$ cat target_2.tsv   # TSV, C-alpha atoms
chain	number	residue	atom	x	y	z
A	11	MET	CA	152.45	24.83	136.38
A	12	LEU	CA	149.54	23.95	138.71
A	13	VAL	CA	151.88	21.80	140.78
A	14	TYR	CA	154.25	24.73	141.32
A	15	LEU	CA	151.40	27.09	142.14
A	16	ARG	CA	150.19	24.60	144.76
A	17	LEU	CA	153.77	24.31	145.97
A	18	LEU	CA	154.03	28.08	146.29
A	19	LYS	CA	150.76	28.18	148.23
A	20	GLU	CA	151.98	25.47	150.62
A	21	SER	CA	155.31	27.23	151.08
A	22	PHE	CA	153.50	30.46	151.92
A	23	ALA	CA	151.38	28.55	154.48
A	24	PHE	CA	154.54	27.06	156.06
A	25	ALA	CA	156.15	30.52	156.20
A	26	MET	CA	153.08	32.01	157.89
A	27	ASN	CA	152.99	29.08	160.30
A	28	ALA	CA	156.65	29.73	161.19
A	29	LEU	CA	155.78	33.33	161.94
A	30	ARG	CA	152.77	32.38	164.07
A	31	SER	CA	154.29	29.53	166.01
A	32	ASN	CA	157.70	31.12	166.66
A	33	MET	CA	156.92	34.82	166.33
A	34	LEU	CA	159.83	36.22	168.36
A	35	ARG	CA	162.47	33.86	166.94
A	36	THR	CA	161.35	34.45	163.35
A	37	LEU	CA	161.14	38.22	163.70
A	38	LEU	CA	164.59	38.39	165.29
A	39	SER	CA	165.96	36.30	162.44
A	40	LEU	CA	164.27	38.57	159.88
A	41	LEU	CA	165.59	41.69	161.62
A	42	GLY	CA	168.81	41.60	159.62
A	43	VAL	CA	166.95	41.59	156.29
A	44	THR	CA	164.63	44.33	157.53
A	45	ILE	CA	167.51	46.57	158.63
A	46	GLY	CA	169.48	45.84	155.46
A	47	ILE	CA	166.63	46.66	153.10
A	48	PHE	CA	165.68	49.67	155.23
A	49	SER	CA	169.26	51.01	155.13
A	50	ILE	CA	169.75	50.56	151.39
A	51	ILE	CA	166.35	51.89	150.31
A	52	ALA	CA	166.46	54.76	152.83
A	53	VAL	CA	169.81	55.90	151.44
A	54	LEU	CA	168.71	55.46	147.82
A	55	ALA	CA	165.41	57.26	148.46
A	56	ALA	CA	167.19	60.14	150.21
A	57	VAL	CA	169.78	60.43	147.43
A	58	ASP	CA	167.12	60.20	144.72
A	59	SER	CA	165.09	62.89	146.48
A	60	LEU	CA	168.20	65.07	146.74
A	61	ASP	CA	168.98	64.44	143.08
A	62	ARG	CA	165.41	65.38	142.13
A	63	LYS	CA	165.66	68.56	144.21
A	64	ILE	CA	168.99	69.49	142.60
A	65	SER	CA	167.58	68.89	139.12
A	66	LYS	CA	164.57	71.07	139.94
A	67	ASP	CA	166.72	73.86	141.39
A	68	LEU	CA	169.07	73.84	138.42
A	69	SER	CA	166.46	73.26	135.73
A	70	GLY	CA	166.45	76.93	134.75
A	71	LEU	CA	170.18	76.90	134.05
A	72	ASP	CA	171.82	75.60	130.91
A	73	LYS	CA	174.65	73.18	131.73
A	74	ASN	CA	176.80	75.12	129.28
A	75	THR	CA	176.38	78.35	131.26
A	76	ILE	CA	179.82	79.84	131.98
A	77	TYR	CA	180.91	81.85	135.03
A	78	LEU	CA	183.90	84.06	134.21
A	79	MET	CA	185.58	85.10	137.47
A	80	LYS	CA	188.83	85.24	139.45
A	81	PHE	CA	188.09	81.98	141.28
A	82	SER	CA	187.74	78.38	140.14
A	83	PHE	CA	184.79	76.12	140.93
A	84	GLY	CA	187.10	73.15	141.39
A	85	PRO	CA	190.75	72.29	142.13
A	86	SER	CA	193.35	74.22	140.15
A	87	GLU	CA	196.98	73.54	139.24
A	88	ILE	CA	197.75	77.25	139.68
A	89	PRO	CA	199.32	77.94	143.12
A	90	LYS	CA	197.11	79.71	145.64
A	91	TRP	CA	199.45	82.71	145.95
A	92	LYS	CA	199.25	83.16	142.19
A	93	ARG	CA	195.45	82.90	142.11
A	94	GLU	CA	195.15	85.51	144.85
A	95	GLN	CA	196.91	88.00	142.57
A	96	PHE	CA	194.29	87.65	139.83
A	97	PRO	CA	192.33	90.90	139.27
A	98	ASN	CA	188.61	91.00	139.91
A	99	ILE	CA	186.25	91.02	136.93
A	100	LYS	CA	185.26	94.59	136.07
A	101	TYR	CA	182.03	96.07	134.73
A	102	ASP	CA	183.80	97.56	131.71
A	103	GLU	CA	184.97	94.02	130.84
A	104	TYR	CA	181.33	92.94	130.93
A	105	THR	CA	180.32	95.71	128.52
A	106	TYR	CA	183.29	94.87	126.27
A	107	MET	CA	182.55	91.12	126.24
A	108	LYS	CA	178.88	91.83	125.59
A	109	GLY	CA	179.79	93.52	122.33
A	110	ALA	CA	182.74	91.31	121.39
A	111	MET	CA	181.47	87.76	121.99
A	112	THR	CA	179.79	85.78	119.21
A	113	ASN	CA	177.46	82.75	119.48
A	114	THR	CA	176.13	84.09	122.80
A	115	ASP	CA	172.47	83.91	123.78
A	116	GLN	CA	172.74	85.97	126.99
A	117	LEU	CA	175.57	87.69	128.84
A	118	GLY	CA	175.09	89.19	132.30
A	119	TYR	CA	176.97	90.63	135.26
A	120	GLN	CA	176.64	89.73	138.95
A	121	ILE	CA	178.29	90.81	142.18
A	122	PHE	CA	178.53	88.46	145.16
A	123	THR	CA	178.17	90.58	148.27
A	124	LYS	CA	177.41	90.32	151.98
A	125	ARG	CA	173.96	89.69	153.40
A	126	GLU	CA	171.76	92.60	154.47
A	127	SER	CA	168.58	93.43	156.38
A	128	ILE	CA	165.43	94.70	154.67
A	129	LYS	CA	162.85	96.77	156.56
A	130	TYR	CA	159.24	97.74	155.90
A	131	ASP	CA	157.55	99.84	158.62
A	132	SER	CA	158.08	97.84	161.82
A	133	ASN	CA	158.89	94.57	160.04
A	134	THR	CA	162.52	93.63	159.46
A	135	VAL	CA	164.00	90.59	157.73
A	136	SER	CA	167.65	89.97	158.56
A	137	ASP	CA	170.34	87.94	156.80
A	138	VAL	CA	168.83	88.40	153.33
A	139	ASN	CA	170.82	87.02	150.40
A	140	MET	CA	171.32	90.12	148.24
A	141	VAL	CA	171.75	89.45	144.50
A	142	PRO	CA	172.95	92.51	142.55
A	143	VAL	CA	172.68	91.53	138.87
A	144	SER	CA	172.26	93.04	135.43
A	145	TYR	CA	168.90	92.92	133.66
A	146	GLU	CA	169.83	89.83	131.58
A	147	PHE	CA	169.75	87.66	134.71
A	148	ILE	CA	166.04	86.93	134.36
A	149	ASP	CA	166.67	85.11	131.07
A	150	ILE	CA	169.87	83.41	132.25
A	151	GLN	CA	168.33	82.10	135.47
A	152	GLY	CA	164.79	81.55	134.16
A	153	LEU	CA	163.12	83.43	137.03
A	154	GLU	CA	159.35	82.98	137.44
A	155	PHE	CA	157.12	85.63	139.02
A	156	ASP	CA	154.16	85.48	141.35
A	157	LYS	CA	153.59	89.24	141.04
A	158	GLY	CA	155.13	92.12	139.16
A	159	ARG	CA	158.23	92.00	136.97
A	160	PHE	CA	162.03	92.17	136.81
A	161	TYR	CA	163.79	95.50	136.23
A	162	ASN	CA	164.47	96.49	132.62
A	163	GLU	CA	167.67	97.58	130.85
A	164	SER	CA	167.14	101.28	131.56
A	165	GLU	CA	166.55	100.71	135.29
A	166	ALA	CA	169.53	98.36	135.48
A	167	ASN	CA	171.94	100.72	133.69
A	168	SER	CA	170.92	103.73	135.78
A	169	GLY	CA	171.14	101.80	139.05
A	170	ALA	CA	167.50	102.55	139.87
A	171	LYS	CA	166.36	101.87	143.43
A	172	VAL	CA	164.02	99.03	142.54
A	173	ILE	CA	163.97	95.59	144.12
A	174	VAL	CA	162.59	92.11	143.38
A	175	LEU	CA	161.83	89.97	146.45
A	176	GLY	CA	161.77	86.24	147.04
A	177	SER	CA	158.45	84.85	148.26
A	178	GLU	CA	159.57	84.28	151.86
A	179	ILE	CA	161.02	87.78	152.15
A	180	ALA	CA	157.83	89.32	150.75
A	181	LYS	CA	155.63	87.28	153.13
A	182	SER	CA	157.72	88.22	156.17
A	183	LEU	CA	157.65	91.92	155.31
A	184	PHE	CA	154.11	92.38	154.03
A	185	ASP	CA	152.12	89.32	155.19
A	186	GLU	CA	148.74	89.76	153.42
A	187	LEU	CA	149.46	93.27	152.08
A	188	GLU	CA	150.08	93.92	148.40
A	189	PRO	CA	153.88	94.31	148.10
A	190	ILE	CA	154.08	95.81	144.58
A	191	GLY	CA	154.72	99.56	144.77
A	192	LYS	CA	155.64	99.52	148.46
A	193	ASN	CA	158.93	101.06	149.62
A	194	VAL	CA	161.41	99.06	151.70
A	195	ARG	CA	164.69	100.17	153.27
A	196	VAL	CA	167.98	98.45	152.47
A	197	TYR	CA	171.53	99.87	152.37
A	198	GLY	CA	170.03	102.82	154.26
A	199	GLN	CA	167.92	103.85	151.25
A	200	ARG	CA	164.39	103.41	149.96
A	201	PHE	CA	163.74	100.82	147.25
A	202	THR	CA	160.46	100.30	145.41
A	203	VAL	CA	159.23	96.69	145.21
A	204	ILE	CA	158.46	95.91	141.56
A	205	GLY	CA	158.26	92.09	141.67
A	206	VAL	CA	157.82	88.99	143.83
A	207	LEU	CA	159.13	85.62	142.67
A	208	LYS	CA	157.20	82.35	142.76
A	209	LYS	CA	157.89	80.12	145.74
A	210	GLN	CA	160.76	77.79	145.02
A	211	GLY	CA	161.35	75.83	148.23
A	212	ALA	CA	164.55	75.15	150.16
A	213	GLY	CA	167.70	75.64	148.12
A	214	LEU	CA	170.46	73.12	147.56
A	215	PHE	CA	172.94	74.93	149.81
A	216	GLY	CA	170.55	76.64	152.20
A	217	ASP	CA	169.82	79.78	150.14
A	218	SER	CA	167.16	79.91	147.49
A	219	ASP	CA	165.33	82.56	145.49
A	220	ASP	CA	162.70	82.54	148.27
A	221	THR	CA	165.15	84.14	150.69
A	222	SER	CA	166.88	86.41	148.16
A	223	ALA	CA	166.41	89.97	146.95
A	224	PHE	CA	167.49	91.18	143.49
A	225	ILE	CA	168.68	94.74	142.82
A	226	PRO	CA	170.36	96.44	139.83
A	227	VAL	CA	174.08	95.76	139.91
A	228	ASN	CA	174.87	99.38	139.05
A	229	PHE	CA	173.34	100.57	142.33
A	230	LEU	CA	175.94	98.57	144.24
A	231	ARG	CA	178.70	99.83	141.95
A	232	GLN	CA	177.65	103.41	142.70
A	233	LEU	CA	177.61	102.59	146.42
A	234	TYR	CA	180.91	100.71	146.73
A	235	GLY	CA	182.82	101.53	143.56
A	236	ASP	CA	184.49	99.10	141.16
A	237	ASN	CA	187.63	98.35	143.16
A	238	ASN	CA	186.17	97.00	146.38
A	239	GLU	CA	188.14	93.85	147.26
A	240	SER	CA	185.33	92.50	149.49
A	241	LEU	CA	183.11	91.97	146.44
A	242	VAL	CA	183.40	89.15	143.90
A	243	ASN	CA	182.33	90.06	140.38
A	244	VAL	CA	181.22	87.55	137.75
A	245	ILE	CA	180.39	87.66	134.05
A	246	ILE	CA	177.77	85.02	133.22
A	247	LEU	CA	177.66	83.77	129.63
A	248	LYS	CA	174.95	81.58	128.15
A	249	PRO	CA	176.09	80.31	124.71
A	250	ASN	CA	173.77	79.53	121.83
A	251	LYS	CA	172.52	75.97	121.51
A	252	GLY	CA	174.84	73.58	119.71
A	253	VAL	CA	177.96	75.74	120.09
A	254	ASP	CA	181.31	73.94	120.24
A	255	MET	CA	182.21	74.57	123.89
A	256	GLY	CA	185.94	74.16	123.33
A	257	ALA	CA	185.96	76.84	120.63
A	258	TYR	CA	183.63	79.05	122.69
A	259	LYS	CA	185.89	78.91	125.76
A	260	SER	CA	188.90	79.66	123.55
A	261	GLU	CA	187.09	82.74	122.21
A	262	ILE	CA	186.35	83.94	125.76
A	263	SER	CA	189.99	83.45	126.74
A	264	GLN	CA	191.31	85.20	123.62
A	265	LYS	CA	188.96	88.20	123.98
A	266	LEU	CA	189.58	88.79	127.69
A	267	ARG	CA	193.35	88.23	127.41
A	268	SER	CA	193.45	90.78	124.61
A	269	TYR	CA	191.40	93.30	126.62
A	270	ARG	CA	193.59	92.85	129.71
A	271	GLY	CA	196.83	92.88	127.74
A	272	VAL	CA	197.96	89.44	128.87
A	273	LYS	CA	201.14	88.60	126.97
A	274	ALA	CA	201.73	85.43	124.94
A	275	GLY	CA	203.11	82.65	127.13
A	276	GLU	CA	201.51	84.03	130.30
A	277	ILE	CA	198.69	82.10	131.95
A	278	ASP	CA	195.11	83.35	132.01
A	279	ASN	CA	194.53	85.57	135.05
A	280	PHE	CA	190.89	84.47	135.26
A	281	PHE	CA	188.91	81.24	135.35
A	282	ILE	CA	186.32	80.01	132.85
A	283	ASN	CA	183.98	77.89	134.98
A	284	VAL	CA	181.51	75.80	132.99
A	285	PHE	CA	178.37	74.98	134.97
A	286	SER	CA	178.44	71.36	133.77
A	287	GLY	CA	181.68	70.89	135.73
A	288	PHE	CA	179.81	71.87	138.89
A	289	THR	CA	176.95	69.48	138.14
A	290	ASP	CA	179.45	66.70	137.39
A	291	LEU	CA	180.97	67.30	140.83
A	292	ILE	CA	177.54	66.98	142.43
A	293	ASP	CA	176.83	63.80	140.44
A	294	GLY	CA	180.09	62.34	141.74
A	295	ILE	CA	179.12	63.15	145.34
A	296	ILE	CA	175.71	61.53	144.85
A	297	LEU	CA	177.33	58.42	143.34
A	298	ASN	CA	179.68	58.15	146.33
A	299	MET	CA	176.74	58.49	148.72
A	300	LYS	CA	174.95	55.63	146.99
A	301	PHE	CA	178.10	53.50	147.09
A	302	GLY	CA	178.56	54.23	150.80
A	303	GLY	CA	174.94	53.27	151.47
A	304	TRP	CA	175.38	49.96	149.65
A	305	MET	CA	178.58	49.19	151.57
A	306	ILE	CA	177.08	49.89	154.99
A	307	SER	CA	173.80	48.12	154.24
A	308	GLY	CA	175.61	45.09	152.79
A	309	PHE	CA	176.69	44.00	156.27
A	310	SER	CA	173.09	44.08	157.51
A	311	LEU	CA	171.98	42.02	154.51
A	312	LEU	CA	174.76	39.51	155.25
A	313	VAL	CA	173.50	39.16	158.82
A	314	GLY	CA	169.95	38.91	157.49
A	315	GLY	CA	171.02	36.11	155.16
A	316	PHE	CA	172.41	34.13	158.09
A	317	GLY	CA	169.14	34.73	159.95
A	318	ILE	CA	167.07	33.31	157.08
A	319	ALA	CA	169.42	30.31	156.77
A	320	ASN	CA	169.03	29.69	160.51
A	321	ILE	CA	165.23	29.71	160.25
A	322	MET	CA	165.31	27.28	157.35
A	323	PHE	CA	167.70	24.82	159.02
A	324	VAL	CA	165.43	24.82	162.06
A	325	SER	CA	162.43	24.35	159.76
A	326	VAL	CA	164.11	21.38	158.05
A	327	LYS	CA	164.84	19.80	161.43
A	328	GLU	CA	161.28	20.33	162.71
A	329	ARG	CA	159.73	18.90	159.52
A	330	THR	CA	162.09	15.96	158.96
A	331	ASN	CA	159.27	13.47	159.56
A	332	LEU	CA	156.96	15.29	157.14
A	333	ILE	CA	159.71	15.35	154.48
A	334	GLY	CA	160.13	11.57	154.89
A	335	ILE	CA	156.38	11.02	154.47
A	336	GLN	CA	156.26	13.26	151.36
A	337	LYS	CA	159.15	11.35	149.78
A	338	SER	CA	157.66	7.97	150.63
A	339	LEU	CA	154.47	9.08	148.85
A	340	GLY	CA	156.45	9.91	145.70
A	341	ALA	CA	157.51	13.53	146.16
A	342	LYS	CA	160.61	14.22	144.07
A	343	ASN	CA	163.77	15.90	145.37
A	344	ARG	CA	163.14	19.06	143.36
A	345	PHE	CA	159.64	19.34	144.87
A	346	ILE	CA	161.14	19.37	148.37
A	347	LEU	CA	163.91	21.72	147.18
A	348	PHE	CA	161.49	24.27	145.74
A	349	GLN	CA	159.22	23.99	148.76
A	350	PHE	CA	161.96	25.19	151.11
A	351	LEU	CA	163.37	27.70	148.63
A	352	PHE	CA	159.96	29.32	148.20
A	353	GLU	CA	159.55	29.44	151.96
A	354	ALA	CA	162.94	31.14	152.41
A	355	VAL	CA	162.14	33.70	149.72
A	356	ILE	CA	158.71	34.44	151.22
A	357	LEU	CA	160.14	34.93	154.70
A	358	SER	CA	162.89	37.21	153.36
A	359	VAL	CA	160.42	39.26	151.31
A	360	ILE	CA	158.29	39.73	154.44
A	361	GLY	CA	161.35	41.17	156.21
A	362	GLY	CA	162.05	43.37	153.18
A	363	VAL	CA	158.46	44.65	153.05
A	364	ILE	CA	158.69	45.63	156.72
A	365	GLY	CA	161.87	47.58	155.91
A	366	LEU	CA	160.19	49.31	152.96
A	367	PHE	CA	157.19	50.18	155.12
A	368	LEU	CA	159.49	51.83	157.68
A	369	VAL	CA	161.18	53.88	154.92
A	370	TRP	CA	157.76	54.98	153.64
A	371	ILE	CA	156.62	56.08	157.13
A	372	ILE	CA	159.84	58.02	157.79
A	373	ALA	CA	159.66	59.65	154.32
A	374	LEU	CA	156.12	60.85	155.07
A	375	VAL	CA	157.11	62.24	158.47
A	376	LEU	CA	160.22	64.05	157.18
A	377	THR	CA	158.35	65.50	154.19
A	378	ASN	CA	155.75	66.99	156.54
A	379	VAL	CA	158.29	68.23	159.11
A	380	LEU	CA	160.97	69.57	156.75
A	381	ASP	CA	160.67	71.82	153.69
A	382	PHE	CA	161.99	68.99	151.54
A	383	GLU	CA	160.14	66.28	149.66
A	384	PHE	CA	161.36	62.74	150.39
A	385	VAL	CA	160.10	60.35	147.72
A	386	LEU	CA	160.04	56.55	147.86
A	387	GLY	CA	159.82	55.76	144.17
A	388	MET	CA	158.42	52.61	142.61
A	389	GLY	CA	161.88	51.75	141.29
A	390	ASN	CA	163.31	51.63	144.82
A	391	ILE	CA	160.32	49.61	146.06
A	392	LEU	CA	160.89	47.02	143.33
A	393	LEU	CA	164.64	47.03	144.02
A	394	GLY	CA	164.07	46.43	147.74
A	395	THR	CA	161.65	43.59	147.05
A	396	LEU	CA	164.00	41.95	144.54
A	397	LEU	CA	166.95	42.26	146.92
A	398	ALA	CA	164.96	40.67	149.72
A	399	GLY	CA	163.91	37.84	147.42
A	400	LEU	CA	167.51	37.33	146.29
A	401	ILE	CA	168.76	37.19	149.89
A	402	GLY	CA	166.09	34.60	150.67
A	403	LEU	CA	167.02	32.56	147.59
A	404	ILE	CA	170.73	32.53	148.41
A	405	SER	CA	170.18	31.88	152.12
A	406	GLY	CA	167.66	29.10	151.52
A	407	ILE	CA	169.68	27.09	148.98
A	408	LEU	CA	171.77	25.09	151.45
A	409	PRO	CA	168.87	24.19	153.80
A	410	ALA	CA	166.70	23.31	150.77
A	411	ILE	CA	169.38	21.04	149.32
A	412	THR	CA	169.81	19.41	152.72
A	413	ALA	CA	166.06	18.73	152.93
A	414	SER	CA	165.82	17.41	149.36
A	415	LYS	CA	168.62	14.89	149.92
A	416	LEU	CA	167.16	13.33	153.08
A	417	ASP	CA	166.57	9.58	152.89
A	418	PRO	CA	162.81	8.97	153.36
A	419	VAL	CA	163.22	6.02	155.73
A	420	GLU	CA	165.83	7.78	157.86
A	421	ALA	CA	163.75	10.97	157.82
A	422	ILE	CA	160.64	9.19	159.09
A	423	ARG	CA	162.65	7.30	161.72
A	424	THR	CA	164.47	10.48	162.86
A	425	GLY	CA	161.27	12.49	163.07
A	426	MET	CA	159.51	9.89	165.24
$ encode --input "target_2.tsv" --output "structure tokens"
Amino acid sequence: MLVYLRLLKESFAFAMNALRSNMLRTLLSLLGVTIGIFSIIAVLAAVDSLDRKISKDLSGLDKNTIYLMKFSFGPSEIPKWKREQFPNIKYDEYTYMKGAMTNTDQLGYQIFTKRESIKYDSNTVSDVNMVPVSYEFIDIQGLEFDKGRFYNESEANSGAKVIVLGSEIAKSLFDELEPIGKNVRVYGQRFTVIGVLKKQGAGLFGDSDDTSAFIPVNFLRQLYGDNNESLVNVIILKPNKGVDMGAYKSEISQKLRSYRGVKAGEIDNFFINVFSGFTDLIDGIILNMKFGGWMISGFSLLVGGFGIANIMFVSVKERTNLIGIQKSLGAKNRFILFQFLFEAVILSVIGGVIGLFLVWIIALVLTNVLDFEFVLGMGNILLGTLLAGLIGLISGILPAITASKLDPVEAIRTGM
């Protein structure tokens, strides 16, 4: 063991000497490994950070949450012209399903509508994501409050002019003022602020609760009516834990078909979108991003491997005389082999560490500049280091074998 530790120390000294004596040549040769490790770890770190952000954003939602609507989250076998004929979800269907469905923890109603402006005195916030929802939404979404509360069942059913603001909206309108109890103008009418949500950060698709405002869904129904084709209505169902999802979806289909009078043999004129299908789609996109990163970075690692091999062949040539002397003094072939292998691995790991350092610097800069946390995890650091070591091991095998098989007499003669 002591022999190999001494061997590792000597190999490290040779690697450092190669860097010092031929700095430019060695760094250029290591550039491929540096770029390769940088590319792979940068992609993996970005994807992992995105995955972490998605998980955080969706943590309040149960993967079994169902969105009952006229549109499908994913591709559908039903022709587009047929889908466009599907009726919109109605509020009376929400009230019916609320009383008819079993094994349901929460059931709410939401309308997707256009963006609006909100005004307080001389301050105006434009392009606000308006979220008209029923009172159950707080439990479905898992909303957390910085101040105030969400509207209750009575306020929701009456369509009361109350509003809950995202943190960014509240800050832009009120700055340091207390927002609770203040009146803001939206839809040309006065709404009383009853709550402000906790800051969430940038959303997955641009919007987040920070830039949203929540109002009772019945206010919008009173304003636009129930047959407005520009609005998209949704019934949100959160089943009880442990429910058989197949049976639960069948119950939804049977109840709504019965209410709508859909005849036997006819297709459902609605879609039952399970939230897990959406998350599976995102997981597939993330997997493809990782695969693409590995494919692109693989070419850089290949070039880096050739660079390490080039350094080692040059090193073997420059130290031919020394190899001959070591062998003549009794050094075994495997000693020479490991000496050059260790050197190749050390040089490659140095290139990999430079790549990891660059990823770390860029992650820090982007985290400070953007409202998004880029994280270089310990797992990716270890992966980058192991990859660099593996590239060095593979690239150094042939030069190491060449050095170990040199004839001592010929090596001494050649090196003179």
$ residues_around --input "target_2.tsv" --residues "stretch 161-172 of chain A" --least-positions-apart "2" --cutoff "10 Å" --atoms "all atoms listed in the file" --output "mmCIF file with C-alpha atoms, in the coordinates of the input"
data_model
loop_
_atom_site.group_PDB
_atom_site.id
_atom_site.type_symbol
_atom_site.label_atom_id
_atom_site.label_comp_id
_atom_site.auth_asym_id
_atom_site.auth_seq_id
_atom_site.Cartn_x
_atom_site.Cartn_y
_atom_site.Cartn_z
ATOM 1 C CA PRO A 142 172.950 92.510 142.550
ATOM 2 C CA VAL A 143 172.680 91.530 138.870
ATOM 3 C CA SER A 144 172.260 93.040 135.430
ATOM 4 C CA TYR A 145 168.900 92.920 133.660
ATOM 5 C CA GLU A 146 169.830 89.830 131.580
ATOM 6 C CA PHE A 147 169.750 87.660 134.710
ATOM 7 C CA ILE A 148 166.040 86.930 134.360
ATOM 8 C CA GLY A 158 155.130 92.120 139.160
ATOM 9 C CA ARG A 159 158.230 92.000 136.970
ATOM 10 C CA VAL A 174 162.590 92.110 143.380
ATOM 11 C CA GLY A 191 154.720 99.560 144.770
ATOM 12 C CA ASN A 193 158.930 101.060 149.620
ATOM 13 C CA VAL A 194 161.410 99.060 151.700
ATOM 14 C CA VAL A 196 167.980 98.450 152.470
ATOM 15 C CA GLN A 199 167.920 103.850 151.250
ATOM 16 C CA ARG A 200 164.390 103.410 149.960
ATOM 17 C CA PHE A 201 163.740 100.820 147.250
ATOM 18 C CA THR A 202 160.460 100.300 145.410
ATOM 19 C CA VAL A 203 159.230 96.690 145.210
ATOM 20 C CA ILE A 204 158.460 95.910 141.560
ATOM 21 C CA GLY A 205 158.260 92.090 141.670
ATOM 22 C CA PHE A 224 167.490 91.180 143.490
ATOM 23 C CA ILE A 225 168.680 94.740 142.820
ATOM 24 C CA PRO A 226 170.360 96.440 139.830
ATOM 25 C CA VAL A 227 174.080 95.760 139.910
ATOM 26 C CA ASN A 228 174.870 99.380 139.050
ATOM 27 C CA PHE A 229 173.340 100.570 142.330
ATOM 28 C CA LEU A 230 175.940 98.570 144.240
ATOM 29 C CA ARG A 231 178.700 99.830 141.950
ATOM 30 C CA GLN A 232 177.650 103.410 142.700
ATOM 31 C CA LEU A 233 177.610 102.590 146.420
#
$ closest_residue --input "target_2.tsv" --among "A:Gln264, A:Thr75, A:Ser414, A:Gln210" --to "A:Asn279" --atoms "only C-alpha atoms"
A:Gln264
$ residues_around --input "target_2.tsv" --residues "stretch 315-328 of chain A" --least-positions-apart "2" --cutoff "9 Å" --atoms "only C-alpha atoms" --output "PyMOL selection string"
chain A and resi 28+35-36+38-43+310-313+330-333+350-351+353-355+357-358+401-402+404-410+412-413+425
$ residues_around --input "target_2.tsv" --residues "A:Phe96" --least-positions-apart "2" --cutoff "9 Å" --atoms "only C-alpha atoms" --output "list in words"
Lys80, Phe81, Lys92, Arg93, Glu94, Asn98, Asp278, Asn279 and Phe280 of chain A
$ atom_distance --input "target_2.tsv" --atom1 "atom CA of A:Pro85" --atom2 "atom CA of A:Met107"
26.0 Å
$ atom_distance --input "target_2.tsv" --atom1 "atom CA of A:Glu239" --atom2 "atom CA of A:Lys124"
12.2 Å
$ closest_residue --input "target_2.tsv" --among "A:Ile262, A:Ala52, A:Leu60, A:Ile179" --to "A:Met140" --atoms "all atoms listed in the file"
A:Ile179
$ atom_distance --input "target_2.tsv" --atom1 "atom CA of A:Ser136" --atom2 "atom CA of A:Phe384"
29.1 Å
$ residues_near_point --input "target_2.tsv" --point "(161.7, 44.9, 156.4)" --cutoff "6 Å" --atoms "only C-alpha atoms" --output "PyMOL selection string"
chain A and resi 44+361-366
$ write_last_selection --input "target_2.tsv" --atoms "C-alpha atoms" --output "CSV table (one decimal), keeping the file's coordinate frame"
chain,number,residue,atom,x,y,z
A,44,THR,CA,164.6,44.3,157.5
A,361,GLY,CA,161.4,41.2,156.2
A,362,GLY,CA,162.0,43.4,153.2
A,363,VAL,CA,158.5,44.6,153.0
A,364,ILE,CA,158.7,45.6,156.7
A,365,GLY,CA,161.9,47.6,155.9
A,366,LEU,CA,160.2,49.3,153.0
$ residues_around --input "target_2.tsv" --residues "stretch 298-300 of chain A" --least-positions-apart "6" --cutoff "12 Å" --atoms "only C-alpha atoms" --output "JSON, numbers by chain"
{"A": [49, 50, 51, 52, 53, 54, 55, 56, 57, 58, 60, 61, 291, 292, 306, 307]}
$ closest_residue --input "target_2.tsv" --among "A:Val284, A:Phe48, A:Lys259, A:Leu37" --to "A:Phe367" --atoms "all atoms listed in the file"
A:Phe48
$ closest_residue --input "target_2.tsv" --among "A:Lys181, A:Lys157, A:Lys73, A:Lys129" --to "A:Arg195" --atoms "all atoms listed in the file"
A:Lys129
$ build_atoms --input "target_2.tsv" --residues "stretch 299-305 of chain A" --atoms "N, CA, C and O atoms" --output "PDB file, in the coordinates of the input"
ATOM      1  N   MET A 299     177.716  58.702 147.652  1.00  0.00           N
ATOM      2  CA  MET A 299     176.740  58.490 148.720  1.00  0.00           C
ATOM      3  C   MET A 299     176.003  57.172 148.521  1.00  0.00           C
ATOM      4  O   MET A 299     175.774  56.423 149.482  1.00  0.00           O
ATOM      5  N   LYS A 300     175.622  56.905 147.280  1.00  0.00           N
ATOM      6  CA  LYS A 300     174.950  55.630 146.990  1.00  0.00           C
ATOM      7  C   LYS A 300     175.869  54.450 147.281  1.00  0.00           C
ATOM      8  O   LYS A 300     175.453  53.447 147.867  1.00  0.00           O
ATOM      9  N   PHE A 301     177.128  54.582 146.866  1.00  0.00           N
ATOM     10  CA  PHE A 301     178.100  53.500 147.090  1.00  0.00           C
ATOM     11  C   PHE A 301     178.295  53.252 148.577  1.00  0.00           C
ATOM     12  O   PHE A 301     178.334  52.101 149.036  1.00  0.00           O
ATOM     13  N   GLY A 302     178.411  54.359 149.352  1.00  0.00           N
ATOM     14  CA  GLY A 302     178.560  54.230 150.800  1.00  0.00           C
ATOM     15  C   GLY A 302     177.361  53.541 151.431  1.00  0.00           C
ATOM     16  O   GLY A 302     177.507  52.710 152.332  1.00  0.00           O
ATOM     17  N   GLY A 303     176.164  53.901 150.946  1.00  0.00           N
ATOM     18  CA  GLY A 303     174.940  53.270 151.470  1.00  0.00           C
ATOM     19  C   GLY A 303     174.922  51.779 151.199  1.00  0.00           C
ATOM     20  O   GLY A 303     174.547  50.982 152.067  1.00  0.00           O
ATOM     21  N   TRP A 304     175.329  51.384 149.991  1.00  0.00           N
ATOM     22  CA  TRP A 304     175.380  49.960 149.650  1.00  0.00           C
ATOM     23  C   TRP A 304     176.392  49.216 150.520  1.00  0.00           C
ATOM     24  O   TRP A 304     176.138  48.096 150.979  1.00  0.00           O
ATOM     25  N   MET A 305     177.543  49.826 150.766  1.00  0.00           N
ATOM     26  CA  MET A 305     178.580  49.190 151.570  1.00  0.00           C
ATOM     27  C   MET A 305     178.115  48.954 152.993  1.00  0.00           C
ATOM     28  O   MET A 305     178.271  47.863 153.552  1.00  0.00           O
TER      29      MET A 305
END
